[in-house]
>>> print(open('protein29.csv').read())   # CSV, C-alpha atoms
chain,number,residue,atom,x,y,z
A,18,GLY,CA,-7.4,-15.7,-1.9
A,19,GLU,CA,-7.7,-12.4,-3.6
A,20,ASN,CA,-5.7,-11.6,-6.7
A,21,VAL,CA,-5.5,-8.1,-8.3
A,22,GLU,CA,-4.2,-7.5,-11.9
A,23,GLN,CA,-3.3,-4.0,-13.1
A,24,HIS,CA,-2.8,-2.7,-16.6
A,25,PRO,CA,-0.9,-1.1,-18.2
A,26,SER,CA,2.4,-1.4,-16.5
A,27,THR,CA,3.6,1.8,-18.1
A,28,LEU,CA,1.6,4.7,-19.6
A,29,SER,CA,2.9,7.8,-21.4
A,30,VAL,CA,0.6,10.7,-22.1
A,31,GLN,CA,0.9,14.3,-23.3
A,32,GLU,CA,0.2,17.0,-20.8
A,33,GLY,CA,-3.5,17.8,-20.8
A,34,ASP,CA,-4.6,14.4,-22.1
A,35,SER,CA,-6.5,11.9,-20.0
A,36,ALA,CA,-5.0,8.7,-18.4
A,37,VAL,CA,-6.8,5.5,-17.5
A,38,ILE,CA,-5.5,2.7,-15.4
A,39,LYS,CA,-7.5,-0.5,-15.1
A,40,CYS,CA,-7.6,-3.3,-12.4
A,41,THR,CA,-9.4,-6.5,-12.0
A,42,TYR,CA,-10.0,-8.5,-8.9
A,43,SER,CA,-10.9,-12.1,-8.2
A,44,ASP,CA,-12.7,-12.2,-4.8
A,45,SER,CA,-16.3,-11.2,-4.9
A,46,ALA,CA,-16.2,-10.5,-1.1
A,47,SER,CA,-13.8,-7.6,-1.7
A,48,ASN,CA,-15.7,-4.3,-1.0
A,49,TYR,CA,-13.0,-1.7,-0.7
A,50,PHE,CA,-10.8,-0.4,-3.5
A,51,PRO,CA,-8.2,2.3,-2.9
A,52,TRP,CA,-5.7,3.9,-5.3
A,53,TYR,CA,-2.3,5.0,-4.2
A,54,LYS,CA,0.2,7.3,-5.9
A,55,GLN,CA,3.9,6.7,-5.1
A,56,GLU,CA,6.7,9.2,-5.9
A,57,LEU,CA,10.3,8.1,-6.0
A,58,GLY,CA,11.7,7.4,-2.5
A,59,LYS,CA,8.3,8.0,-0.8
A,60,GLY,CA,5.6,5.9,0.7
A,61,PRO,CA,2.3,5.3,-1.2
A,62,GLN,CA,-0.1,8.1,-0.8
A,63,LEU,CA,-3.9,7.5,-0.9
A,64,ILE,CA,-5.4,9.6,-3.7
A,65,ILE,CA,-9.0,8.2,-3.9
A,66,ASP,CA,-10.9,5.1,-2.8
A,67,ILE,CA,-14.3,3.6,-3.5
A,68,ARG,CA,-16.5,1.1,-1.7
A,69,SER,CA,-18.7,-1.5,-3.3
A,70,ASN,CA,-22.0,0.4,-2.6
A,71,VAL,CA,-20.9,3.1,-5.0
A,72,GLY,CA,-20.3,2.9,-8.8
A,73,GLU,CA,-18.3,6.1,-9.3
A,74,LYS,CA,-16.4,8.7,-7.2
A,75,LYS,CA,-14.8,11.9,-8.3
A,76,ASP,CA,-12.3,14.3,-6.7
A,77,GLN,CA,-11.4,17.2,-8.9
A,78,ARG,CA,-9.4,15.7,-11.9
A,79,ILE,CA,-9.4,12.2,-10.5
A,80,ALA,CA,-12.3,9.7,-10.7
A,81,VAL,CA,-12.7,6.0,-10.0
A,82,THR,CA,-15.3,3.7,-11.4
A,83,LEU,CA,-16.3,0.3,-10.1
A,84,ASN,CA,-18.1,-2.6,-11.9
A,85,LYS,CA,-18.9,-5.2,-9.3
A,86,THR,CA,-20.4,-7.6,-11.8
A,87,ALA,CA,-17.3,-7.7,-14.0
A,88,LYS,CA,-15.0,-7.3,-10.9
A,89,HIS,CA,-13.0,-4.4,-12.3
A,90,PHE,CA,-12.3,-0.9,-11.3
A,91,SER,CA,-10.5,2.0,-13.1
A,92,LEU,CA,-8.7,5.2,-12.3
A,93,HIS,CA,-9.3,8.2,-14.6
A,94,ILE,CA,-7.1,11.2,-14.5
A,95,THR,CA,-8.2,14.2,-16.7
A,96,GLU,CA,-6.1,17.2,-17.8
A,97,THR,CA,-2.9,15.5,-16.8
A,98,GLN,CA,0.0,17.6,-15.5
A,99,PRO,CA,3.7,16.8,-15.2
A,100,GLU,CA,3.3,16.5,-11.4
A,101,ASP,CA,0.9,13.6,-12.0
A,102,SER,CA,4.0,11.5,-13.1
A,103,ALA,CA,4.4,8.7,-10.6
A,104,VAL,CA,3.7,5.1,-10.0
A,105,TYR,CA,0.0,4.3,-9.3
A,106,PHE,CA,-1.2,1.2,-7.4
A,107,CYS,CA,-4.7,-0.2,-7.1
A,108,ALA,CA,-5.7,-2.5,-4.3
A,109,ALA,CA,-8.6,-4.5,-3.0
A,110,SER,CA,-9.7,-5.7,0.4
A,111,TYR,CA,-12.6,-6.7,2.5
A,112,ASN,CA,-13.5,-4.0,5.0
A,113,THR,CA,-10.3,-1.9,4.6
A,114,ASP,CA,-8.3,-4.8,6.1
A,115,LYS,CA,-5.4,-6.7,4.4
A,116,LEU,CA,-4.9,-4.9,1.1
A,117,ILE,CA,-4.0,-6.9,-2.0
A,118,PHE,CA,-2.1,-4.7,-4.4
A,119,GLY,CA,-1.8,-4.6,-8.2
A,120,THR,CA,1.7,-4.5,-9.6
A,121,GLY,CA,1.7,-0.8,-10.4
A,122,THR,CA,1.5,1.5,-13.4
A,123,ARG,CA,4.3,4.0,-14.1
A,124,LEU,CA,2.6,7.1,-15.5
A,125,GLN,CA,4.8,9.7,-17.4
A,126,VAL,CA,3.2,13.0,-18.4
A,127,PHE,CA,5.3,14.8,-21.0
A,128,PRO,CA,5.0,18.6,-21.2
B,15,ASP,CA,1.7,11.2,6.8
B,16,ALA,CA,-0.8,10.2,9.4
B,17,GLY,CA,1.8,10.5,12.2
B,18,ILE,CA,3.8,7.4,11.1
B,19,THR,CA,7.5,7.2,11.4
B,20,GLN,CA,9.8,4.3,10.5
B,21,SER,CA,13.3,3.6,11.7
B,22,PRO,CA,15.8,3.1,10.4
B,23,ARG,CA,15.1,4.6,7.0
B,24,HIS,CA,18.1,2.8,5.4
B,25,LYS,CA,20.0,-0.2,6.6
B,26,VAL,CA,22.7,-2.5,5.2
B,27,THR,CA,23.3,-5.8,6.9
B,28,GLU,CA,24.9,-9.1,6.2
B,29,THR,CA,23.2,-12.5,5.6
B,30,GLY,CA,22.4,-14.3,8.8
B,31,THR,CA,22.2,-11.3,11.1
B,32,PRO,CA,19.0,-10.4,12.9
B,33,VAL,CA,17.4,-7.1,12.0
B,34,THR,CA,14.5,-5.2,13.6
B,35,LEU,CA,12.5,-2.5,11.9
B,36,ARG,CA,10.4,-0.1,13.9
B,37,CYS,CA,7.1,1.6,13.1
B,38,HIS,CA,5.9,4.3,15.4
B,39,GLN,CA,2.5,6.1,15.3
B,40,THR,CA,1.3,8.9,17.4
B,41,GLU,CA,-2.5,8.7,16.9
B,42,ASN,CA,-3.5,5.6,18.8
B,43,HIS,CA,-4.6,3.6,15.8
B,44,ARG,CA,-5.6,0.0,16.7
B,45,TYR,CA,-4.7,-1.7,13.4
B,46,MET,CA,-1.1,-1.7,12.0
B,47,TYR,CA,0.4,-3.5,9.0
B,48,TRP,CA,3.8,-4.4,7.6
B,49,TYR,CA,4.2,-4.6,3.8
B,50,ARG,CA,7.2,-5.2,1.6
B,51,GLN,CA,7.6,-3.7,-1.9
B,52,ASP,CA,9.6,-5.4,-4.6
B,53,PRO,CA,9.7,-4.7,-8.4
B,54,GLY,CA,7.0,-6.6,-10.3
B,55,HIS,CA,5.1,-7.5,-7.1
B,56,GLY,CA,3.6,-4.3,-5.9
B,57,LEU,CA,3.2,-4.3,-2.1
B,58,ARG,CA,2.6,-7.6,-0.2
B,59,LEU,CA,1.4,-8.0,3.4
B,60,ILE,CA,3.9,-9.6,5.8
B,61,HIS,CA,2.1,-9.3,9.2
B,62,TYR,CA,-0.5,-7.2,10.8
B,63,SER,CA,-1.7,-6.3,14.3
B,64,TYR,CA,-5.2,-5.6,15.5
B,65,GLY,CA,-4.2,-4.5,19.0
B,66,VAL,CA,-1.5,-4.8,21.7
B,67,LYS,CA,-0.1,-8.4,21.6
B,68,ASP,CA,-2.6,-9.3,18.9
B,69,THR,CA,-0.9,-10.1,15.6
B,70,ASP,CA,-1.4,-12.4,12.6
B,71,LYS,CA,0.3,-13.5,9.4
B,72,GLY,CA,0.0,-12.0,6.0
B,73,GLU,CA,0.7,-13.6,2.6
B,74,VAL,CA,4.6,-13.5,2.8
B,75,SER,CA,5.3,-14.0,6.5
B,76,ASP,CA,8.0,-16.7,6.3
B,77,GLY,CA,11.2,-15.5,7.9
B,78,TYR,CA,9.6,-12.6,9.7
B,79,SER,CA,8.2,-12.1,13.2
B,80,VAL,CA,6.4,-9.1,14.7
B,81,SER,CA,5.7,-7.8,18.2
B,82,ARG,CA,3.4,-5.1,19.5
B,83,SER,CA,3.8,-4.4,23.2
B,84,LYS,CA,2.5,-0.8,23.0
B,85,THR,CA,-0.2,0.7,20.9
B,86,GLU,CA,2.2,3.1,19.2
B,87,ASP,CA,5.0,0.7,18.2
B,88,PHE,CA,4.9,-2.3,15.8
B,89,LEU,CA,8.2,-4.1,15.3
B,90,LEU,CA,9.2,-6.3,12.4
B,91,THR,CA,12.1,-8.7,13.0
B,92,LEU,CA,14.1,-10.7,10.5
B,93,GLU,CA,15.5,-13.4,12.7
B,94,SER,CA,18.3,-14.3,10.2
B,95,ALA,CA,18.4,-12.0,7.3
B,96,THR,CA,18.7,-13.5,3.7
B,97,SER,CA,19.4,-11.8,0.4
B,98,SER,CA,15.8,-12.5,-0.6
B,99,GLN,CA,14.6,-10.1,2.1
B,100,THR,CA,16.3,-7.1,0.4
B,101,SER,CA,13.4,-4.9,-0.1
B,102,VAL,CA,11.6,-1.7,0.9
B,103,TYR,CA,9.4,-2.2,3.9
B,104,PHE,CA,6.4,0.0,4.6
B,105,CYS,CA,4.3,0.2,7.7
B,106,ALA,CA,0.7,1.3,7.5
B,107,ILE,CA,-2.1,2.2,9.9
B,108,ARG,CA,-5.8,1.9,9.5
B,109,SER,CA,-7.5,5.1,10.2
B,110,THR,CA,-11.1,6.3,10.2
B,111,GLY,CA,-11.6,9.4,8.1
B,112,GLY,CA,-14.5,11.5,6.9
B,113,THR,CA,-15.6,8.9,4.3
B,114,GLY,CA,-14.7,5.8,6.3
B,115,GLU,CA,-11.7,3.7,7.1
B,116,THR,CA,-8.6,3.6,5.0
B,117,GLN,CA,-4.9,2.7,5.2
B,118,TYR,CA,-2.1,5.3,5.4
B,119,PHE,CA,1.5,4.4,4.8
B,120,GLY,CA,4.8,5.5,6.4
B,121,PRO,CA,7.9,6.7,4.5
B,122,GLY,CA,9.5,3.2,4.3
B,123,THR,CA,12.7,1.5,5.3
B,124,ARG,CA,15.1,0.5,2.5
B,125,LEU,CA,16.9,-2.7,3.6
B,126,LEU,CA,19.9,-4.3,1.8
B,127,VAL,CA,21.0,-7.7,2.8
B,128,LEU,CA,24.5,-8.6,1.5
>>> encode(input="protein29.csv", output="structure tokens")
Amino acid sequence: GENVEQHPSTLSVQEGDSAVIKCTYSDSASNYFPWYKQELGKGPQLIIDIRSNVGEKKDQRIAVTLNKTAKHFSLHITETQPEDSAVYFCAASYNTDKLIFGTGTRLQVFP
Amino acid sequence: DAGITQSPRHKVTETGTPVTLRCHQTENHRYMYWYRQDPGHGLRLIHYSYGVKDTDKGEVSDGYSVSRSKTEDFLLTLESATSSQTSVYFCAIRSTGGTGETQYFGPGTRLLVL
């Protein structure tokens, strides 16, 4: 079955710097890759997703890249702000069905 | 929040007792999912449903059962709770948005089994 690895587990950056979180997946049949942000005591919130027919997707300060050959995808956050501090999860699935999650990255943005 | 509510939001129970968690959605979504979240494991799929009375197992289904008698409600039951089932439980729905289908999560239920 699918396995998703996520790195790093913790990431500390200065406000205004960029942050990059990387994930690898094992099942070449996976074609849907969402990223979720989770704040303390809340449910995961979808922030961006990408499908396998696209190599990159941007939404304001957030971007995701996908390399199908290498089976890895990354989340890029530019101009980080303190409110970006949270736990971020990547996931992979076939056709938006049963999501397999990475183990999470705790991002801290220091003012 | 995609119209998802979970109840109860917090529960403390004792080992061996049955527990039922409820997920309720208001937007007539066909697909619903139950995940559990534990430190070091991310979220893991327990069971899912692709319609009324149609359910299937996920990767960590042992000790859990589900039922869906109405489109809007997806129930997760721990037949005899164990301490290893102490976790945060999230319900999700699969929704079609502007750029395609995706999953949205509820606020979670924090369960402590003593």
>>> atom_distance(input="protein29.csv", atom1="atom CA of A:His24", atom2="atom CA of A:Leu83")
15.3 Å
>>> interface_residues(input="protein29.csv", of="chain B", to="chain A", cutoff="12 Å", atoms="only C-alpha atoms", output="ChimeraX atom specification")
/B:15-16,18-20,23-24,44-64,70-74,102-111,113-124
>>> closest_residue(input="protein29.csv", among="A:Ser110, A:Gln31, A:Thr97, A:Asn84", to="A:Glu19", atoms="only C-alpha atoms")
A:Ser110
>>> residues_near_point(input="protein29.csv", point="(-3.5, 15.8, -23.0)", cutoff="9 Å", atoms="all atoms listed in the file", output="list in words")
Val30, Gln31, Glu32, Gly33, Asp34, Ser35, Ala36, Thr95, Glu96, Thr97, Gln98 and Val126 of chain A
>>> residues_around(input="protein29.csv", residues="B:Thr91", least_positions_apart="3", cutoff="7 Å", atoms="only C-alpha atoms", output="ChimeraX atom specification")
/B:33-35,78-80
>>> closest_residue(input="protein29.csv", among="A:Thr27, A:Ser43, A:Val37, A:Glu56", to="A:Ile79", atoms="all atoms listed in the file")
A:Val37
>>> atom_distance(input="protein29.csv", atom1="atom CA of A:Val21", atom2="atom CA of A:Val104")
16.2 Å
>>> atom_distance(input="protein29.csv", atom1="atom CA of B:Cys37", atom2="atom CA of A:Tyr111")
23.9 Å
>>> residues_around(input="protein29.csv", residues="B:Thr100", least_positions_apart="5", cutoff="6 Å", atoms="all atoms listed in the file", output="list of chain:residue names")
B:Leu125, B:Leu126, B:Val127
>>> decode(input="protein29.csv", residues="stretch 102-119 of chain B", atoms="N, CA, C and O atoms", output="PDB file, in the first residue's frame")
ATOM      1  N   VAL B 102      -7.497  11.341  19.029  1.00  0.00           N
ATOM      2  CA  VAL B 102      -8.400  12.367  18.510  1.00  0.00           C
ATOM      3  C   VAL B 102      -8.984  11.826  17.215  1.00  0.00           C
ATOM      4  O   VAL B 102      -8.229  11.387  16.330  1.00  0.00           O
ATOM      5  N   TYR B 103     -10.286  11.840  17.112  1.00  0.00           N
ATOM      6  CA  TYR B 103     -10.983  11.260  15.968  1.00  0.00           C
ATOM      7  C   TYR B 103     -11.558  12.362  15.091  1.00  0.00           C
ATOM      8  O   TYR B 103     -12.252  13.259  15.569  1.00  0.00           O
ATOM      9  N   PHE B 104     -11.254  12.271  13.801  1.00  0.00           N
ATOM     10  CA  PHE B 104     -11.739  13.254  12.837  1.00  0.00           C
ATOM     11  C   PHE B 104     -12.602  12.591  11.786  1.00  0.00           C
ATOM     12  O   PHE B 104     -12.265  11.529  11.254  1.00  0.00           O
ATOM     13  N   CYS B 105     -13.685  13.249  11.503  1.00  0.00           N
ATOM     14  CA  CYS B 105     -14.548  12.865  10.401  1.00  0.00           C
ATOM     15  C   CYS B 105     -14.228  13.764   9.211  1.00  0.00           C
ATOM     16  O   CYS B 105     -13.851  14.931   9.384  1.00  0.00           O
ATOM     17  N   ALA B 106     -14.353  13.228   8.012  1.00  0.00           N
ATOM     18  CA  ALA B 106     -14.135  14.033   6.812  1.00  0.00           C
ATOM     19  C   ALA B 106     -15.197  13.705   5.782  1.00  0.00           C
ATOM     20  O   ALA B 106     -15.775  12.614   5.789  1.00  0.00           O
ATOM     21  N   ILE B 107     -15.444  14.665   4.909  1.00  0.00           N
ATOM     22  CA  ILE B 107     -16.330  14.434   3.772  1.00  0.00           C
ATOM     23  C   ILE B 107     -15.564  14.699   2.495  1.00  0.00           C
ATOM     24  O   ILE B 107     -14.566  15.434   2.487  1.00  0.00           O
ATOM     25  N   ARG B 108     -16.002  14.090   1.426  1.00  0.00           N
ATOM     26  CA  ARG B 108     -15.383  14.323   0.127  1.00  0.00           C
ATOM     27  C   ARG B 108     -16.329  15.212  -0.659  1.00  0.00           C
ATOM     28  O   ARG B 108     -17.492  14.873  -0.862  1.00  0.00           O
ATOM     29  N   SER B 109     -15.787  16.347  -1.054  1.00  0.00           N
ATOM     30  CA  SER B 109     -16.614  17.362  -1.666  1.00  0.00           C
ATOM     31  C   SER B 109     -16.058  17.744  -3.026  1.00  0.00           C
ATOM     32  O   SER B 109     -14.842  17.720  -3.232  1.00  0.00           O
ATOM     33  N   THR B 110     -16.937  18.144  -3.920  1.00  0.00           N
ATOM     34  CA  THR B 110     -16.507  18.635  -5.225  1.00  0.00           C
ATOM     35  C   THR B 110     -16.500  20.154  -5.202  1.00  0.00           C
ATOM     36  O   THR B 110     -17.533  20.774  -4.979  1.00  0.00           O
ATOM     37  N   GLY B 111     -15.314  20.712  -5.396  1.00  0.00           N
ATOM     38  CA  GLY B 111     -15.191  22.163  -5.411  1.00  0.00           C
ATOM     39  C   GLY B 111     -14.854  22.678  -6.792  1.00  0.00           C
ATOM     40  O   GLY B 111     -14.961  21.946  -7.775  1.00  0.00           O
ATOM     41  N   GLY B 112     -14.386  23.918  -6.836  1.00  0.00           N
ATOM     42  CA  GLY B 112     -14.114  24.549  -8.117  1.00  0.00           C
ATOM     43  C   GLY B 112     -13.013  23.878  -8.917  1.00  0.00           C
ATOM     44  O   GLY B 112     -13.049  23.848 -10.138  1.00  0.00           O
ATOM     45  N   THR B 113     -12.021  23.308  -8.201  1.00  0.00           N
ATOM     46  CA  THR B 113     -10.893  22.695  -8.902  1.00  0.00           C
ATOM     47  C   THR B 113     -10.912  21.177  -8.795  1.00  0.00           C
ATOM     48  O   THR B 113      -9.921  20.521  -9.074  1.00  0.00           O
ATOM     49  N   GLY B 114     -12.030  20.598  -8.386  1.00  0.00           N
ATOM     50  CA  GLY B 114     -12.124  19.153  -8.288  1.00  0.00           C
ATOM     51  C   GLY B 114     -12.467  18.704  -6.892  1.00  0.00           C
ATOM     52  O   GLY B 114     -12.700  19.500  -5.992  1.00  0.00           O
ATOM     53  N   GLU B 115     -12.475  17.389  -6.690  1.00  0.00           N
ATOM     54  CA  GLU B 115     -12.845  16.838  -5.404  1.00  0.00           C
ATOM     55  C   GLU B 115     -11.726  16.991  -4.390  1.00  0.00           C
ATOM     56  O   GLU B 115     -10.535  16.959  -4.748  1.00  0.00           O
ATOM     57  N   THR B 116     -12.124  17.123  -3.127  1.00  0.00           N
ATOM     58  CA  THR B 116     -11.157  17.153  -2.049  1.00  0.00           C
ATOM     59  C   THR B 116     -11.847  16.739  -0.758  1.00  0.00           C
ATOM     60  O   THR B 116     -13.063  16.566  -0.723  1.00  0.00           O
ATOM     61  N   GLN B 117     -11.060  16.542   0.298  1.00  0.00           N
ATOM     62  CA  GLN B 117     -11.629  16.161   1.586  1.00  0.00           C
ATOM     63  C   GLN B 117     -11.531  17.325   2.562  1.00  0.00           C
ATOM     64  O   GLN B 117     -10.494  17.983   2.671  1.00  0.00           O
ATOM     65  N   TYR B 118     -12.638  17.515   3.293  1.00  0.00           N
ATOM     66  CA  TYR B 118     -12.687  18.523   4.344  1.00  0.00           C
ATOM     67  C   TYR B 118     -12.972  17.832   5.670  1.00  0.00           C
ATOM     68  O   TYR B 118     -13.759  16.890   5.720  1.00  0.00           O
ATOM     69  N   PHE B 119     -12.343  18.357   6.725  1.00  0.00           N
ATOM     70  CA  PHE B 119     -12.403  17.701   8.018  1.00  0.00           C
ATOM     71  C   PHE B 119     -13.278  18.454   9.011  1.00  0.00           C
ATOM     72  O   PHE B 119     -13.390  19.682   8.966  1.00  0.00           O
TER      73      PHE B 119
END
